[in-house]
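protein.cif, holding mmCIF, C-alpha atoms:
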data_entry
#
loop_
_atom_site.group_PDB
_atom_site.id
_atom_site.type_symbol
_atom_site.label_atom_id
_atom_site.label_comp_id
_atom_site.auth_asym_id
_atom_site.auth_seq_id
_atom_site.Cartn_x
_atom_site.Cartn_y
_atom_site.Cartn_z
ATOM 1 C CA MET A 1 -46.625 232.963 -117.920
ATOM 2 C CA THR A 2 -43.829 230.888 -119.455
ATOM 3 C CA ALA A 3 -41.769 232.092 -122.403
ATOM 4 C CA LEU A 4 -41.383 229.871 -125.431
ATOM 5 C CA ARG A 5 -38.170 227.877 -125.173
ATOM 6 C CA THR A 6 -36.474 227.698 -128.562
ATOM 7 C CA GLU A 7 -33.084 226.287 -127.610
ATOM 8 C CA PRO A 8 -32.465 222.660 -128.672
ATOM 9 C CA ARG A 9 -33.812 220.289 -126.017
ATOM 10 C CA LEU A 10 -34.202 216.927 -127.775
ATOM 11 C CA ALA A 11 -31.583 214.365 -126.826
ATOM 12 C CA ASP A 12 -31.767 212.825 -130.324
ATOM 13 C CA PRO A 13 -33.261 215.314 -132.798
ATOM 14 C CA ASP A 14 -32.320 213.174 -135.810
ATOM 15 C CA GLY A 15 -33.979 210.138 -134.244
ATOM 16 C CA PHE A 16 -37.091 212.162 -133.494
ATOM 17 C CA TYR A 17 -37.193 213.465 -137.075
ATOM 18 C CA ALA A 18 -36.878 209.893 -138.370
ATOM 19 C CA ALA A 19 -39.764 208.792 -136.116
ATOM 20 C CA LEU A 20 -41.865 211.705 -137.359
ATOM 21 C CA MET A 21 -41.171 210.744 -140.970
ATOM 22 C CA ASP A 22 -42.045 207.115 -140.149
ATOM 23 C CA ALA A 23 -45.390 208.274 -138.752
ATOM 24 C CA HIS A 24 -46.128 209.850 -142.156
ATOM 25 C CA ARG A 25 -44.916 206.907 -144.233
ATOM 26 C CA GLY A 26 -47.641 205.526 -146.496
ATOM 27 C CA LEU A 27 -50.088 208.375 -145.853
ATOM 28 C CA ASP A 28 -51.496 210.445 -148.679
ATOM 29 C CA ASP A 29 -51.254 214.244 -148.438
ATOM 30 C CA ALA A 30 -54.636 214.678 -146.748
ATOM 31 C CA ALA A 31 -53.954 211.963 -144.153
ATOM 32 C CA SER A 32 -50.503 213.434 -143.520
ATOM 33 C CA ARG A 33 -52.024 216.874 -142.860
ATOM 34 C CA ARG A 34 -54.576 215.297 -140.481
ATOM 35 C CA LEU A 35 -51.775 213.547 -138.597
ATOM 36 C CA ASP A 36 -49.895 216.869 -138.273
ATOM 37 C CA ALA A 37 -53.041 218.638 -137.065
ATOM 38 C CA ARG A 38 -53.746 215.938 -134.458
ATOM 39 C CA LEU A 39 -50.152 216.061 -133.284
ATOM 40 C CA VAL A 40 -50.305 219.860 -132.926
ATOM 41 C CA ILE A 41 -53.538 219.630 -130.904
ATOM 42 C CA LEU A 42 -52.164 216.885 -128.640
ATOM 43 C CA LEU A 43 -48.924 218.741 -127.967
ATOM 44 C CA SER A 44 -50.736 222.068 -127.537
ATOM 45 C CA ASN A 45 -52.972 220.501 -124.927
ATOM 46 C CA HIS A 46 -49.896 219.100 -123.181
ATOM 47 C CA ILE A 47 -48.228 222.541 -123.159
ATOM 48 C CA GLY A 48 -51.429 224.200 -122.011
ATOM 49 C CA ASP A 49 -50.092 227.776 -122.060
ATOM 50 C CA GLU A 50 -51.945 229.813 -124.680
ATOM 51 C CA ASP A 51 -49.383 232.640 -124.663
ATOM 52 C CA VAL A 52 -46.576 230.197 -125.407
ATOM 53 C CA LEU A 53 -48.631 228.548 -128.132
ATOM 54 C CA ARG A 54 -49.440 231.893 -129.770
ATOM 55 C CA GLU A 55 -45.758 232.836 -129.661
ATOM 56 C CA ALA A 56 -44.874 229.516 -131.296
ATOM 57 C CA MET A 57 -47.490 230.063 -134.019
ATOM 58 C CA ALA A 58 -46.129 233.540 -134.729
ATOM 59 C CA LEU A 59 -42.548 232.261 -134.967
ATOM 60 C CA ALA A 60 -43.558 229.364 -137.207
ATOM 61 C CA ARG A 61 -45.586 231.668 -139.460
ATOM 62 C CA ALA A 62 -42.736 234.178 -139.696
ATOM 63 C CA ALA A 63 -40.280 231.404 -140.591
ATOM 64 C CA SER A 64 -42.657 230.205 -143.311
ATOM 65 C CA GLU A 65 -42.821 233.718 -144.702
ATOM 66 C CA GLY A 66 -39.085 234.351 -144.300
ATOM 67 C CA THR A 67 -39.654 237.181 -141.822
ATOM 68 C CA ASP A 68 -38.810 237.869 -138.184
ATOM 69 C CA ALA A 69 -41.810 237.543 -135.820
ATOM 70 C CA LYS A 70 -40.060 239.581 -133.133
ATOM 71 C CA GLY A 71 -39.840 242.772 -135.104
#
What is this structure when it is put down as structure tokens?
Amino acid sequence: MTALRTEPRLADPDGFYAALMDAHRGLDDAASRRLDARLVILLSNHIGDEDVLREAMALARAASEGTDAKG
């Protein structure tokens, strides 16, 4: 089992964010949500470790709620 790595690992995080925003450009809200869902599924399949993915979901949910998923 691999632990979720949360330290910064992107060589160009700003460039990646810009590319992500470009992917959404011109899409309505529903199409934008579909793009996000497809991206999550593709990357989840690439990761392939369900424990890591569940940990990531818990951390993302906690951040959305303003809580700490670890405790």
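Minimum atom-to-atom distance to A:Thr2, evaluated using only C-alpha atoms, belongs to A:Ile47 out of A:Ala30, A:Ile47, A:Ala19, A:Ala37.
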Listed atoms of stretch 7-16 of chain A boxed axis-aligned with 3 Å per side, centre + edges as AutoDock Vina command-line options:
--center_x -34.3 --center_y 218.2 --center_z -130.9 --size_x 11.5 --size_y 22.1 --size_z 15.8
_Using only C-alpha atoms: which of A:Ala62, A:Pro8, A:Ile41, A:Asp36 has the shortest distance to A:Met21_ = A:Asp36
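Pairwise distance (atom CA of A:Val52, atom CA of A:Glu7) equals 14.2 Å.
Atom to atom, atom CA of A:Arg25 and atom CA of A:Pro13 stand 18.4 Å apart.
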*Non-local contacts of A:Ala58 (12 Å; only C-alpha atoms; under 3 positions in same chain excluded) as a ChimeraX atom specification*: /A:4,51-55,61-71
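Atom pair atom CA of A:Gly15 / atom CA of A:Leu42: separated by 20.2 Å.
Here the question is which of A:Ala3, A:Leu20, A:Leu10, A:Leu39 gets nearest to A:Ala56 using all atoms listed in the file, and that residue is A:Ala3.
Residue nearest A:Arg5 within the list A:Leu35, A:Leu27, A:Val40, A:Leu59: A:Leu59 [criterion: smallest interatomic distance, all atoms listed in the file].
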_Ranking A:Asp12, A:Ser32, A:Thr6, A:Gly48 by minimum distance to A:Ala60 and counting only C-alpha atoms, which one comes first?_
A:Thr6
Atoms added to stretch 26-58 of chain A (N, CA and C atoms), reported as a compact mmCIF listing (two decimals), keeping the file's coordinate frame:
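Result went into selection.txt, see below:
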# COMPACT_ATOMS: atom_id res chain seq x y z
N GLY A 26 -46.48 206.22 -145.94
CA GLY A 26 -47.64 205.53 -146.50
C GLY A 26 -48.92 206.34 -146.48
N LEU A 27 -48.89 207.54 -145.90
CA LEU A 27 -50.09 208.38 -145.85
C LEU A 27 -50.15 209.26 -147.09
N ASP A 28 -51.36 209.47 -147.60
CA ASP A 28 -51.50 210.44 -148.68
C ASP A 28 -51.42 211.85 -148.07
N ASP A 29 -51.43 212.87 -148.92
CA ASP A 29 -51.25 214.24 -148.44
C ASP A 29 -52.31 214.64 -147.41
N ALA A 30 -53.56 214.30 -147.67
CA ALA A 30 -54.64 214.68 -146.75
C ALA A 30 -54.47 213.99 -145.39
N ALA A 31 -54.14 212.70 -145.41
CA ALA A 31 -53.95 211.96 -144.15
C ALA A 31 -52.73 212.49 -143.41
N SER A 32 -51.70 212.87 -144.14
CA SER A 32 -50.50 213.43 -143.52
C SER A 32 -50.82 214.76 -142.84
N ARG A 33 -51.62 215.60 -143.48
CA ARG A 33 -52.02 216.87 -142.86
C ARG A 33 -52.88 216.63 -141.63
N ARG A 34 -53.76 215.62 -141.66
CA ARG A 34 -54.58 215.30 -140.48
C ARG A 34 -53.70 214.82 -139.33
N LEU A 35 -52.70 214.00 -139.63
CA LEU A 35 -51.78 213.55 -138.60
C LEU A 35 -51.07 214.75 -137.97
N ASP A 36 -50.56 215.67 -138.80
CA ASP A 36 -49.90 216.87 -138.27
C ASP A 36 -50.84 217.68 -137.39
N ALA A 37 -52.08 217.85 -137.84
CA ALA A 37 -53.04 218.64 -137.06
C ALA A 37 -53.33 217.97 -135.72
N ARG A 38 -53.49 216.65 -135.72
CA ARG A 38 -53.75 215.94 -134.46
C ARG A 38 -52.55 216.05 -133.52
N LEU A 39 -51.35 215.95 -134.09
CA LEU A 39 -50.15 216.06 -133.28
C LEU A 39 -50.04 217.45 -132.66
N VAL A 40 -50.34 218.49 -133.45
CA VAL A 40 -50.30 219.86 -132.93
C VAL A 40 -51.31 220.02 -131.79
N ILE A 41 -52.51 219.51 -131.95
CA ILE A 41 -53.54 219.63 -130.90
C ILE A 41 -53.11 218.87 -129.64
N LEU A 42 -52.61 217.66 -129.80
CA LEU A 42 -52.16 216.88 -128.64
C LEU A 42 -51.04 217.59 -127.89
N LEU A 43 -50.05 218.07 -128.62
CA LEU A 43 -48.92 218.74 -127.97
C LEU A 43 -49.33 220.09 -127.39
N SER A 44 -50.23 220.79 -128.07
CA SER A 44 -50.74 222.07 -127.54
C SER A 44 -51.46 221.86 -126.22
N ASN A 45 -52.27 220.82 -126.17
CA ASN A 45 -52.97 220.50 -124.93
C ASN A 45 -51.98 220.17 -123.82
N HIS A 46 -50.92 219.45 -124.16
CA HIS A 46 -49.90 219.10 -123.18
C HIS A 46 -49.20 220.36 -122.66
N ILE A 47 -48.88 221.29 -123.56
CA ILE A 47 -48.23 222.54 -123.16
C ILE A 47 -49.17 223.37 -122.31
N GLY A 48 -50.38 223.57 -122.79
CA GLY A 48 -51.43 224.20 -122.01
C GLY A 48 -51.29 225.69 -121.74
N ASP A 49 -50.30 226.35 -122.29
CA ASP A 49 -50.09 227.78 -122.06
C ASP A 49 -50.37 228.51 -123.37
N GLU A 50 -51.52 229.19 -123.43
CA GLU A 50 -51.94 229.81 -124.68
C GLU A 50 -50.98 230.88 -125.16
N ASP A 51 -50.36 231.63 -124.25
CA ASP A 51 -49.38 232.64 -124.66
C ASP A 51 -48.19 232.00 -125.36
N VAL A 52 -47.70 230.92 -124.80
CA VAL A 52 -46.58 230.20 -125.41
C VAL A 52 -46.98 229.65 -126.78
N LEU A 53 -48.17 229.11 -126.86
CA LEU A 53 -48.63 228.55 -128.13
C LEU A 53 -48.79 229.63 -129.20
N ARG A 54 -49.31 230.79 -128.81
CA ARG A 54 -49.44 231.89 -129.77
C ARG A 54 -48.07 232.39 -130.22
N GLU A 55 -47.12 232.44 -129.29
CA GLU A 55 -45.76 232.84 -129.66
C GLU A 55 -45.16 231.83 -130.65
N ALA A 56 -45.37 230.55 -130.39
CA ALA A 56 -44.87 229.52 -131.30
C ALA A 56 -45.51 229.64 -132.68
N MET A 57 -46.82 229.89 -132.73
CA MET A 57 -47.49 230.06 -134.02
C MET A 57 -46.91 231.24 -134.78
N ALA A 58 -46.68 232.35 -134.07
CA ALA A 58 -46.13 233.54 -134.73
C ALA A 58 -44.73 233.27 -135.28
